[in-house]
Amino acid sequence: SSTGTLQPVSLVDVGTQVSGRVDRVDVDFNSIVREGQVLAILDPLQLSISYRSAKNDLERAEAQYNLAQREYRDKQRLFERNFISELELLRAETDLKLTRTSFLNAESNLYDYAIIRSPINGIIINRNIEEGQTVAASLSAPILFTIAADLENMEIRAQVDETDIGLIKRGQPVRYTVDSYPDRTFKGVVRDVRLKPEIISNVVIYTVIINTTNPEGILMPGMTAVIDFIIMQKEDVLRVPSTALRWRPSEEEMQRVLGSERPVRETSERSPDAQMSTSSFAPPGGSGTGMLWSLDDSGNLRVHRVRIGDTDGINTEIIPIDEDLEGKRVIVNRVTAAQGQRNASSQPAIGGQPRMRL
């Protein structure tokens, strides 16, 4: 088990390379946008000086380039008639290349940075500007919008500590819940296990990326997911609460039920207490036998021997040895008579002894 945060698979921050006053904002939170769509426009008047300067530079570079082209053609003809040296032709060719580079640079400076456009298809999940606001692009471009590429496909970034990370594999199925929909269980698949560790409260943590789908659009970025990584899955098994395998009557009661005058010796290869881990997952391949206890119609204790199978720490698979136990009510703990009265227990008392909770 783990927790994680739902995030869009792809987030793009949209900024500006120039400073100016925001003249117009065309989108809002949750707006669906297409690639190339206008998101906002900066006041073009404040950028007109820079624009005219860049345009003048372009015209100057273009004129120099045209002149260099003509000089190169003329010198090429003169070189063919042996009127100039090869060195002079080479100089003309170099001047042509330099002026062409200047022309291309000047042309690129004419791009209209005042218009902010969407680089991708997606949905606006954050907007940091308002009309009339001034943005300043100095050392870094200010972020104006955050666009999620697709909220139908999302990811969860789960934190898994080093003791459990060996159980996590790429392609492994997971199930998870979110607080907004506690009665629903969602599914996902492990996409990646990040190798970079983090140390949180002296515990080494690894980030696991989980892919999930959101076809109904009810999952939102930032939601906390409570995740179960499915290490093993078995179907059509008989199971009991793990606490039922740990419960034992008093020695006197056990001897009376089993007809023995000496302390009862467990027949299991290992005790249920040792078998049941306090972690959220106990390794598969359980073995050995255990005991379940129930009350008959007269309120007397009965014992049922079972073989113990796999467990998830909450429920344990059992295989009955002597009788069919499906649907049988078994004891999970003992409460005092006073507690039983407070809880309005419907179970009968056993000769004044503490009540058994089934």
# chains A, B, ... in the order shown; residues from 1 in each chain; ligands from 1
call {"tool": "select_by_dssp", "arguments": {"residues": "region 71-260 of chain A", "states": "strand (DSSP E)", "output": "ChimeraX atom specification"}}
result
/A:115-117,122-127,134-135,143-148,153-161,173-178,181-200,203-213,224-229,239-241
call {"tool": "residues_around", "arguments": {"residues": "Met291 (chain A)", "least_positions_apart": "2", "cutoff": "9 Å", "atoms": "only C-alpha atoms", "output": "list in words"}}
result
Ala244, Leu245, Arg246, Trp247, Arg248, Glu266, Ser268, Pro272, Thr289, Trp293, Val303, His304, Arg305, Val306 and Arg307 of chain A
call {"tool": "closest_residue", "arguments": {"among": "A:Val18, A:Ile123, A:Leu96, A:Met232", "to": "Ser31 (chain A)", "atoms": "only C-alpha atoms"}}
result
A:Ile123
call {"tool": "closest_residue", "arguments": {"among": "A:Glu131, A:Arg21, A:Asp150, A:Ser2", "to": "Arg34 (chain A)", "atoms": "only C-alpha atoms"}}
result
A:Asp150
call {"tool": "closest_residue", "arguments": {"among": "A:Leu89, A:Val178, A:Val25, A:Met154", "to": "Ile115 (chain A)", "atoms": "only C-alpha atoms"}}
result
A:Val25
call {"tool": "select_by_dssp", "arguments": {"residues": "region 19-257 of chain A", "states": "helix (DSSP H, G or I)", "output": "PDB file with N, CA and C atoms, in the first residue's frame"}}
result
ATOM      1  N   PRO A  44       0.667  46.023 -28.352  1.00  0.00           N
ATOM      2  CA  PRO A  44       1.640  46.173 -29.443  1.00  0.00           C
ATOM      3  C   PRO A  44       2.298  47.539 -29.492  1.00  0.00           C
ATOM      4  N   LEU A  45       1.655  48.568 -28.894  1.00  0.00           N
ATOM      5  CA  LEU A  45       2.249  49.899 -28.937  1.00  0.00           C
ATOM      6  C   LEU A  45       3.556  49.951 -28.183  1.00  0.00           C
ATOM      7  N   GLN A  46       3.612  49.233 -27.061  1.00  0.00           N
ATOM      8  CA  GLN A  46       4.832  49.236 -26.265  1.00  0.00           C
ATOM      9  C   GLN A  46       5.958  48.476 -26.957  1.00  0.00           C
ATOM     10  N   LEU A  47       5.592  47.615 -27.903  1.00  0.00           N
ATOM     11  CA  LEU A  47       6.607  46.843 -28.617  1.00  0.00           C
ATOM     12  C   LEU A  47       6.942  47.431 -29.986  1.00  0.00           C
ATOM     13  N   SER A  48       6.287  48.540 -30.345  1.00  0.00           N
ATOM     14  CA  SER A  48       6.453  49.071 -31.698  1.00  0.00           C
ATOM     15  C   SER A  48       7.874  49.563 -31.951  1.00  0.00           C
ATOM     16  N   ILE A  49       8.505  50.154 -30.911  1.00  0.00           N
ATOM     17  CA  ILE A  49       9.880  50.658 -31.098  1.00  0.00           C
ATOM     18  C   ILE A  49      10.822  49.514 -31.414  1.00  0.00           C
ATOM     19  N   SER A  50      10.715  48.445 -30.611  1.00  0.00           N
ATOM     20  CA  SER A  50      11.572  47.275 -30.863  1.00  0.00           C
ATOM     21  C   SER A  50      11.270  46.671 -32.217  1.00  0.00           C
ATOM     22  N   TYR A  51       9.991  46.696 -32.591  1.00  0.00           N
ATOM     23  CA  TYR A  51       9.600  46.125 -33.881  1.00  0.00           C
ATOM     24  C   TYR A  51      10.205  46.928 -35.035  1.00  0.00           C
ATOM     25  N   ARG A  52      10.095  48.273 -34.946  1.00  0.00           N
ATOM     26  CA  ARG A  52      10.639  49.122 -36.021  1.00  0.00           C
ATOM     27  C   ARG A  52      12.157  48.979 -36.104  1.00  0.00           C
ATOM     28  N   SER A  53      12.815  48.862 -34.946  1.00  0.00           N
ATOM     29  CA  SER A  53      14.261  48.685 -34.950  1.00  0.00           C
ATOM     30  C   SER A  53      14.654  47.377 -35.634  1.00  0.00           C
ATOM     31  N   ALA A  54      13.917  46.313 -35.299  1.00  0.00           N
ATOM     32  CA  ALA A  54      14.213  45.025 -35.916  1.00  0.00           C
ATOM     33  C   ALA A  54      13.943  45.064 -37.414  1.00  0.00           C
ATOM     34  N   LYS A  55      12.890  45.804 -37.810  1.00  0.00           N
ATOM     35  CA  LYS A  55      12.572  45.896 -39.238  1.00  0.00           C
ATOM     36  C   LYS A  55      13.648  46.670 -39.982  1.00  0.00           C
ATOM     37  N   ASN A  56      14.148  47.749 -39.373  1.00  0.00           N
ATOM     38  CA  ASN A  56      15.229  48.520 -40.006  1.00  0.00           C
ATOM     39  C   ASN A  56      16.483  47.667 -40.152  1.00  0.00           C
ATOM     40  N   ASP A  57      16.780  46.874 -39.111  1.00  0.00           N
ATOM     41  CA  ASP A  57      17.940  45.986 -39.194  1.00  0.00           C
ATOM     42  C   ASP A  57      17.778  44.984 -40.322  1.00  0.00           C
ATOM     43  N   LEU A  58      16.539  44.504 -40.505  1.00  0.00           N
ATOM     44  CA  LEU A  58      16.291  43.551 -41.578  1.00  0.00           C
ATOM     45  C   LEU A  58      16.506  44.196 -42.947  1.00  0.00           C
ATOM     46  N   GLU A  59      15.995  45.408 -43.121  1.00  0.00           N
ATOM     47  CA  GLU A  59      16.145  46.088 -44.412  1.00  0.00           C
ATOM     48  C   GLU A  59      17.616  46.364 -44.704  1.00  0.00           C
ATOM     49  N   ARG A  60      18.375  46.782 -43.675  1.00  0.00           N
ATOM     50  CA  ARG A  60      19.803  47.051 -43.874  1.00  0.00           C
ATOM     51  C   ARG A  60      20.544  45.768 -44.238  1.00  0.00           C
ATOM     52  N   ALA A  61      20.231  44.676 -43.527  1.00  0.00           N
ATOM     53  CA  ALA A  61      20.898  43.410 -43.808  1.00  0.00           C
ATOM     54  C   ALA A  61      20.533  42.888 -45.190  1.00  0.00           C
ATOM     55  N   GLU A  62      19.275  43.127 -45.596  1.00  0.00           N
ATOM     56  CA  GLU A  62      18.845  42.664 -46.907  1.00  0.00           C
ATOM     57  C   GLU A  62      19.570  43.424 -48.019  1.00  0.00           C
ATOM     58  N   ALA A  63      19.732  44.725 -47.819  1.00  0.00           N
ATOM     59  CA  ALA A  63      20.443  45.524 -48.829  1.00  0.00           C
ATOM     60  C   ALA A  63      21.902  45.099 -48.931  1.00  0.00           C
ATOM     61  N   GLN A  64      22.539  44.870 -47.772  1.00  0.00           N
ATOM     62  CA  GLN A  64      23.928  44.431 -47.782  1.00  0.00           C
ATOM     63  C   GLN A  64      24.071  43.061 -48.432  1.00  0.00           C
ATOM     64  N   TYR A  65      23.110  42.221 -48.222  1.00  0.00           N
ATOM     65  CA  TYR A  65      23.151  40.883 -48.806  1.00  0.00           C
ATOM     66  C   TYR A  65      23.007  40.953 -50.328  1.00  0.00           C
ATOM     67  N   ASN A  66      22.070  41.790 -50.795  1.00  0.00           N
ATOM     68  CA  ASN A  66      21.890  41.935 -52.244  1.00  0.00           C
ATOM     69  C   ASN A  66      23.148  42.506 -52.902  1.00  0.00           C
ATOM     70  N   LEU A  67      23.776  43.491 -52.204  1.00  0.00           N
ATOM     71  CA  LEU A  67      25.006  44.063 -52.743  1.00  0.00           C
ATOM     72  C   LEU A  67      26.122  43.020 -52.786  1.00  0.00           C
ATOM     73  N   ALA A  68      26.221  42.225 -51.734  1.00  0.00           N
ATOM     74  CA  ALA A  68      27.261  41.197 -51.701  1.00  0.00           C
ATOM     75  C   ALA A  68      27.038  40.162 -52.801  1.00  0.00           C
ATOM     76  N   GLN A  69      25.759  39.829 -53.081  1.00  0.00           N
ATOM     77  CA  GLN A  69      25.466  38.881 -54.156  1.00  0.00           C
ATOM     78  C   GLN A  69      25.939  39.418 -55.513  1.00  0.00           C
ATOM     79  N   ARG A  70      25.651  40.712 -55.744  1.00  0.00           N
ATOM     80  CA  ARG A  70      26.026  41.296 -57.035  1.00  0.00           C
ATOM     81  C   ARG A  70      27.543  41.383 -57.165  1.00  0.00           C
ATOM     82  N   GLU A  71      28.211  41.808 -56.083  1.00  0.00           N
ATOM     83  CA  GLU A  71      29.673  41.894 -56.137  1.00  0.00           C
ATOM     84  C   GLU A  71      30.290  40.523 -56.370  1.00  0.00           C
ATOM     85  N   TYR A  72      29.725  39.512 -55.786  1.00  0.00           N
ATOM     86  CA  TYR A  72      30.263  38.163 -55.965  1.00  0.00           C
ATOM     87  C   TYR A  72      30.110  37.696 -57.408  1.00  0.00           C
ATOM     88  N   ARG A  73      28.930  37.975 -58.005  1.00  0.00           N
ATOM     89  CA  ARG A  73      28.730  37.570 -59.402  1.00  0.00           C
ATOM     90  C   ARG A  73      29.697  38.303 -60.329  1.00  0.00           C
ATOM     91  N   ASP A  74      29.873  39.629 -60.050  1.00  0.00           N
ATOM     92  CA  ASP A  74      30.793  40.395 -60.900  1.00  0.00           C
ATOM     93  C   ASP A  74      32.211  39.856 -60.778  1.00  0.00           C
ATOM     94  N   LYS A  75      32.681  39.588 -59.588  1.00  0.00           N
ATOM     95  CA  LYS A  75      34.042  39.103 -59.392  1.00  0.00           C
ATOM     96  C   LYS A  75      34.211  37.680 -59.922  1.00  0.00           C
ATOM     97  N   GLN A  76      33.120  36.931 -59.920  1.00  0.00           N
ATOM     98  CA  GLN A  76      33.209  35.582 -60.473  1.00  0.00           C
ATOM     99  C   GLN A  76      33.462  35.651 -61.976  1.00  0.00           C
ATOM    100  N   ARG A  77      32.802  36.612 -62.661  1.00  0.00           N
ATOM    101  CA  ARG A  77      33.015  36.784 -64.111  1.00  0.00           C
ATOM    102  C   ARG A  77      34.433  37.298 -64.386  1.00  0.00           C
ATOM    103  N   LEU A  78      34.905  38.229 -63.541  1.00  0.00           N
ATOM    104  CA  LEU A  78      36.253  38.760 -63.719  1.00  0.00           C
ATOM    105  C   LEU A  78      37.298  37.674 -63.489  1.00  0.00           C
ATOM    106  N   PHE A  79      37.037  36.790 -62.509  1.00  0.00           N
ATOM    107  CA  PHE A  79      37.981  35.712 -62.229  1.00  0.00           C
ATOM    108  C   PHE A  79      38.053  34.731 -63.405  1.00  0.00           C
ATOM    109  N   GLU A  80      36.880  34.496 -64.041  1.00  0.00           N
ATOM    110  CA  GLU A  80      36.855  33.591 -65.179  1.00  0.00           C
ATOM    111  C   GLU A  80      37.673  34.144 -66.342  1.00  0.00           C
ATOM    112  N   GLU A  86      42.321  34.629 -57.393  1.00  0.00           N
ATOM    113  CA  GLU A  86      41.410  33.718 -56.685  1.00  0.00           C
ATOM    114  C   GLU A  86      41.133  34.208 -55.261  1.00  0.00           C
ATOM    115  N   LEU A  87      42.096  34.883 -54.657  1.00  0.00           N
ATOM    116  CA  LEU A  87      41.925  35.396 -53.305  1.00  0.00           C
ATOM    117  C   LEU A  87      40.818  36.437 -53.240  1.00  0.00           C
ATOM    118  N   GLU A  88      40.761  37.305 -54.218  1.00  0.00           N
ATOM    119  CA  GLU A  88      39.706  38.323 -54.248  1.00  0.00           C
ATOM    120  C   GLU A  88      38.335  37.672 -54.390  1.00  0.00           C
ATOM    121  N   LEU A  89      38.250  36.622 -55.208  1.00  0.00           N
ATOM    122  CA  LEU A  89      36.974  35.906 -55.359  1.00  0.00           C
ATOM    123  C   LEU A  89      36.572  35.257 -54.033  1.00  0.00           C
ATOM    124  N   LEU A  90      37.531  34.708 -53.338  1.00  0.00           N
ATOM    125  CA  LEU A  90      37.248  34.064 -52.050  1.00  0.00           C
ATOM    126  C   LEU A  90      36.737  35.076 -51.023  1.00  0.00           C
ATOM    127  N   ARG A  91      37.348  36.278 -51.043  1.00  0.00           N
ATOM    128  CA  ARG A  91      36.877  37.319 -50.146  1.00  0.00           C
ATOM    129  C   ARG A  91      35.432  37.704 -50.446  1.00  0.00           C
ATOM    130  N   ALA A  92      35.090  37.815 -51.706  1.00  0.00           N
ATOM    131  CA  ALA A  92      33.723  38.156 -52.102  1.00  0.00           C
ATOM    132  C   ALA A  92      32.747  37.063 -51.666  1.00  0.00           C
ATOM    133  N   GLU A  93      33.168  35.822 -51.803  1.00  0.00           N
ATOM    134  CA  GLU A  93      32.315  34.713 -51.377  1.00  0.00           C
ATOM    135  C   GLU A  93      32.096  34.732 -49.867  1.00  0.00           C
ATOM    136  N   THR A  94      33.136  35.061 -49.115  1.00  0.00           N
ATOM    137  CA  THR A  94      33.020  35.141 -47.659  1.00  0.00           C
ATOM    138  C   THR A  94      32.086  36.269 -47.253  1.00  0.00           C
ATOM    139  N   ASP A  95      32.236  37.424 -47.901  1.00  0.00           N
ATOM    140  CA  ASP A  95      31.344  38.548 -47.592  1.00  0.00           C
ATOM    141  C   ASP A  95      29.886  38.172 -47.864  1.00  0.00           C
ATOM    142  N   LEU A  96      29.653  37.421 -48.927  1.00  0.00           N
ATOM    143  CA  LEU A  96      28.288  37.002 -49.257  1.00  0.00           C
ATOM    144  C   LEU A  96      27.705  36.119 -48.151  1.00  0.00           C
ATOM    145  N   LYS A  97      28.495  35.175 -47.653  1.00  0.00           N
ATOM    146  CA  LYS A  97      28.011  34.290 -46.597  1.00  0.00           C
ATOM    147  C   LYS A  97      27.721  35.051 -45.297  1.00  0.00           C
ATOM    148  N   LEU A  98      28.604  36.010 -44.956  1.00  0.00           N
ATOM    149  CA  LEU A  98      28.410  36.787 -43.737  1.00  0.00           C
ATOM    150  C   LEU A  98      27.156  37.649 -43.812  1.00  0.00           C
ATOM    151  N   THR A  99      26.945  38.298 -44.946  1.00  0.00           N
ATOM    152  CA  THR A  99      25.759  39.139 -45.077  1.00  0.00           C
ATOM    153  C   THR A  99      24.484  38.300 -45.118  1.00  0.00           C
ATOM    154  N   ARG A 100      24.582  37.091 -45.657  1.00  0.00           N
ATOM    155  CA  ARG A 100      23.407  36.219 -45.660  1.00  0.00           C
ATOM    156  C   ARG A 100      23.039  35.820 -44.214  1.00  0.00           C
ATOM    157  N   THR A 101      24.050  35.527 -43.402  1.00  0.00           N
ATOM    158  CA  THR A 101      23.798  35.187 -42.005  1.00  0.00           C
ATOM    159  C   THR A 101      23.169  36.359 -41.265  1.00  0.00           C
ATOM    160  N   SER A 102      23.663  37.562 -41.486  1.00  0.00           N
ATOM    161  CA  SER A 102      23.092  38.748 -40.854  1.00  0.00           C
ATOM    162  C   SER A 102      21.648  38.963 -41.278  1.00  0.00           C
ATOM    163  N   PHE A 103      21.385  38.694 -42.558  1.00  0.00           N
ATOM    164  CA  PHE A 103      20.020  38.851 -43.062  1.00  0.00           C
ATOM    165  C   PHE A 103      19.060  37.868 -42.383  1.00  0.00           C
ATOM    166  N   LEU A 104      19.478  36.615 -42.247  1.00  0.00           N
ATOM    167  CA  LEU A 104      18.619  35.614 -41.613  1.00  0.00           C
ATOM    168  C   LEU A 104      18.380  35.935 -40.131  1.00  0.00           C
ATOM    169  N   ASN A 105      19.404  36.415 -39.441  1.00  0.00           N
ATOM    170  CA  ASN A 105      19.241  36.787 -38.035  1.00  0.00           C
ATOM    171  C   ASN A 105      18.279  37.951 -37.882  1.00  0.00           C
ATOM    172  N   ALA A 106      18.411  38.931 -38.752  1.00  0.00           N
ATOM    173  CA  ALA A 106      17.507  40.080 -38.688  1.00  0.00           C
ATOM    174  C   ALA A 106      16.072  39.665 -38.988  1.00  0.00           C
ATOM    175  N   GLU A 107      15.913  38.728 -39.900  1.00  0.00           N
ATOM    176  CA  GLU A 107      14.567  38.250 -40.245  1.00  0.00           C
ATOM    177  C   GLU A 107      13.929  37.529 -39.061  1.00  0.00           C
ATOM    178  N   SER A 108      14.734  36.744 -38.340  1.00  0.00           N
ATOM    179  CA  SER A 108      14.185  36.012 -37.194  1.00  0.00           C
ATOM    180  C   SER A 108      13.747  36.957 -36.080  1.00  0.00           C
ATOM    181  N   ILE A 165      10.025  -1.715  -2.262  1.00  0.00           N
ATOM    182  CA  ILE A 165      10.236  -1.372  -3.676  1.00  0.00           C
ATOM    183  C   ILE A 165      10.611  -2.601  -4.496  1.00  0.00           C
ATOM    184  N   GLY A 166      11.182  -3.639  -3.865  1.00  0.00           N
ATOM    185  CA  GLY A 166      11.527  -4.848  -4.601  1.00  0.00           C
ATOM    186  C   GLY A 166      10.319  -5.610  -5.100  1.00  0.00           C
ATOM    187  N   LEU A 167       9.132  -5.325  -4.549  1.00  0.00           N
ATOM    188  CA  LEU A 167       7.906  -6.002  -4.978  1.00  0.00           C
ATOM    189  C   LEU A 167       7.245  -5.300  -6.166  1.00  0.00           C
ATOM    190  N   SER A 242      -8.187 -12.530   9.436  1.00  0.00           N
ATOM    191  CA  SER A 242      -6.948 -13.073   9.999  1.00  0.00           C
ATOM    192  C   SER A 242      -6.989 -13.127  11.518  1.00  0.00           C
ATOM    193  N   THR A 243      -7.773 -12.237  12.144  1.00  0.00           N
ATOM    194  CA  THR A 243      -7.872 -12.255  13.608  1.00  0.00           C
ATOM    195  C   THR A 243      -8.505 -13.547  14.112  1.00  0.00           C
ATOM    196  N   ALA A 244      -9.352 -14.206  13.298  1.00  0.00           N
ATOM    197  CA  ALA A 244      -9.994 -15.447  13.737  1.00  0.00           C
ATOM    198  C   ALA A 244      -8.968 -16.560  13.918  1.00  0.00           C
ATOM    199  N   LEU A 245      -7.896 -16.543  13.132  1.00  0.00           N
ATOM    200  CA  LEU A 245      -6.864 -17.567  13.258  1.00  0.00           C
ATOM    201  C   LEU A 245      -5.954 -17.320  14.461  1.00  0.00           C
ATOM    202  N   ARG A 246      -5.949 -16.086  14.956  1.00  0.00           N
ATOM    203  CA  ARG A 246      -5.117 -15.786  16.115  1.00  0.00           C
ATOM    204  C   ARG A 246      -5.862 -15.988  17.439  1.00  0.00           C
ATOM    205  N   GLU A 251      -7.076 -21.954  28.445  1.00  0.00           N
ATOM    206  CA  GLU A 251      -6.567 -23.321  28.457  1.00  0.00           C
ATOM    207  C   GLU A 251      -7.626 -24.296  28.961  1.00  0.00           C
ATOM    208  N   GLU A 252      -8.382 -23.875  29.961  1.00  0.00           N
ATOM    209  CA  GLU A 252      -9.431 -24.751  30.519  1.00  0.00           C
ATOM    210  C   GLU A 252     -10.491 -25.043  29.474  1.00  0.00           C
ATOM    211  N   GLU A 253     -10.921 -23.990  28.774  1.00  0.00           N
ATOM    212  CA  GLU A 253     -11.928 -24.179  27.736  1.00  0.00           C
ATOM    213  C   GLU A 253     -11.390 -25.059  26.608  1.00  0.00           C
ATOM    214  N   MET A 254     -10.161 -24.848  26.223  1.00  0.00           N
ATOM    215  CA  MET A 254      -9.573 -25.620  25.143  1.00  0.00           C
ATOM    216  C   MET A 254      -9.475 -27.102  25.522  1.00  0.00           C
ATOM    217  N   GLN A 255      -9.081 -27.390  26.764  1.00  0.00           N
ATOM    218  CA  GLN A 255      -8.983 -28.783  27.203  1.00  0.00           C
ATOM    219  C   GLN A 255     -10.361 -29.440  27.236  1.00  0.00           C
ATOM    220  N   ARG A 256     -11.362 -28.672  27.664  1.00  0.00           N
ATOM    221  CA  ARG A 256     -12.705 -29.242  27.728  1.00  0.00           C
ATOM    222  C   ARG A 256     -13.214 -29.576  26.326  1.00  0.00           C
ATOM    223  N   VAL A 257     -12.954 -28.683  25.386  1.00  0.00           N
ATOM    224  CA  VAL A 257     -13.433 -28.918  24.022  1.00  0.00           C
ATOM    225  C   VAL A 257     -12.689 -30.075  23.370  1.00  0.00           C
TER     226      VAL A 257
END
call {"tool": "closest_residue", "arguments": {"among": "A:Glu155, A:Tyr176, A:Gly217, A:Arg24", "to": "Glu130 (chain A)", "atoms": "only C-alpha atoms"}}
result
A:Arg24
call {"tool": "atom_distance", "arguments": {"atom1": "CA of Thr16 (chain A)", "atom2": "CA of Ala137 (chain A)"}}
result
6.8 Å
call {"tool": "residues_around", "arguments": {"residues": "Tyr181 (chain A)", "least_positions_apart": "4", "cutoff": "12 Å", "atoms": "only C-alpha atoms", "output": "PyMOL selection string"}}
result
chain A and resi 176-177+185-186+218-220+223-226
call {"tool": "residues_around", "arguments": {"residues": "Ser140 (chain A)", "least_positions_apart": "4", "cutoff": "12 Å", "atoms": "only C-alpha atoms", "output": "PyMOL selection string"}}
result
chain A and resi 15-19+135-136
call {"tool": "write_last_selection", "arguments": {"atoms": "C-alpha atoms", "output": "mmCIF file, in the first residue's frame"}}
result
data_model
loop_
_atom_site.group_PDB
_atom_site.id
_atom_site.type_symbol
_atom_site.label_atom_id
_atom_site.label_comp_id
_atom_site.auth_asym_id
_atom_site.auth_seq_id
_atom_site.Cartn_x
_atom_site.Cartn_y
_atom_site.Cartn_z
ATOM 1 C CA GLY A 15 5.510 32.155 -21.016
ATOM 2 C CA THR A 16 6.579 35.286 -22.892
ATOM 3 C CA GLN A 17 9.975 36.322 -24.247
ATOM 4 C CA VAL A 18 9.172 40.036 -24.205
ATOM 5 C CA SER A 19 7.950 42.465 -21.571
ATOM 6 C CA VAL A 135 4.690 41.200 -17.395
ATOM 7 C CA ALA A 136 8.459 41.554 -17.276
#
call {"tool": "decode", "arguments": {"residues": "region 144-163 of chain A", "atoms": "C-alpha atoms", "output": "mmCIF file, in the first residue's frame"}}
result
data_model
loop_
_atom_site.group_PDB
_atom_site.id
_atom_site.type_symbol
_atom_site.label_atom_id
_atom_site.label_comp_id
_atom_site.auth_asym_id
_atom_site.auth_seq_id
_atom_site.Cartn_x
_atom_site.Cartn_y
_atom_site.Cartn_z
ATOM 1 C CA LEU A 144 1.425 33.007 -18.065
ATOM 2 C CA PHE A 145 -0.502 29.740 -18.513
ATOM 3 C CA THR A 146 -0.161 26.073 -17.609
ATOM 4 C CA ILE A 147 -1.698 23.648 -20.096
ATOM 5 C CA ALA A 148 -2.424 19.968 -19.449
ATOM 6 C CA ALA A 149 -2.110 17.999 -22.656
ATOM 7 C CA ASP A 150 -4.769 15.414 -21.778
ATOM 8 C CA LEU A 151 -6.802 14.767 -18.620
ATOM 9 C CA GLU A 152 -8.275 11.521 -19.959
ATOM 10 C CA ASN A 153 -4.893 9.906 -19.407
ATOM 11 C CA MET A 154 -3.293 10.734 -16.074
ATOM 12 C CA GLU A 155 -0.494 9.467 -13.867
ATOM 13 C CA ILE A 156 0.022 8.923 -10.154
ATOM 14 C CA ARG A 157 3.351 9.589 -8.477
ATOM 15 C CA ALA A 158 3.429 7.168 -5.571
ATOM 16 C CA GLN A 159 5.987 7.096 -2.765
ATOM 17 C CA VAL A 160 7.229 3.584 -1.900
ATOM 18 C CA ASP A 161 9.841 2.890 0.784
ATOM 19 C CA GLU A 162 12.891 0.732 0.174
ATOM 20 C CA THR A 163 11.529 -2.285 2.087
#
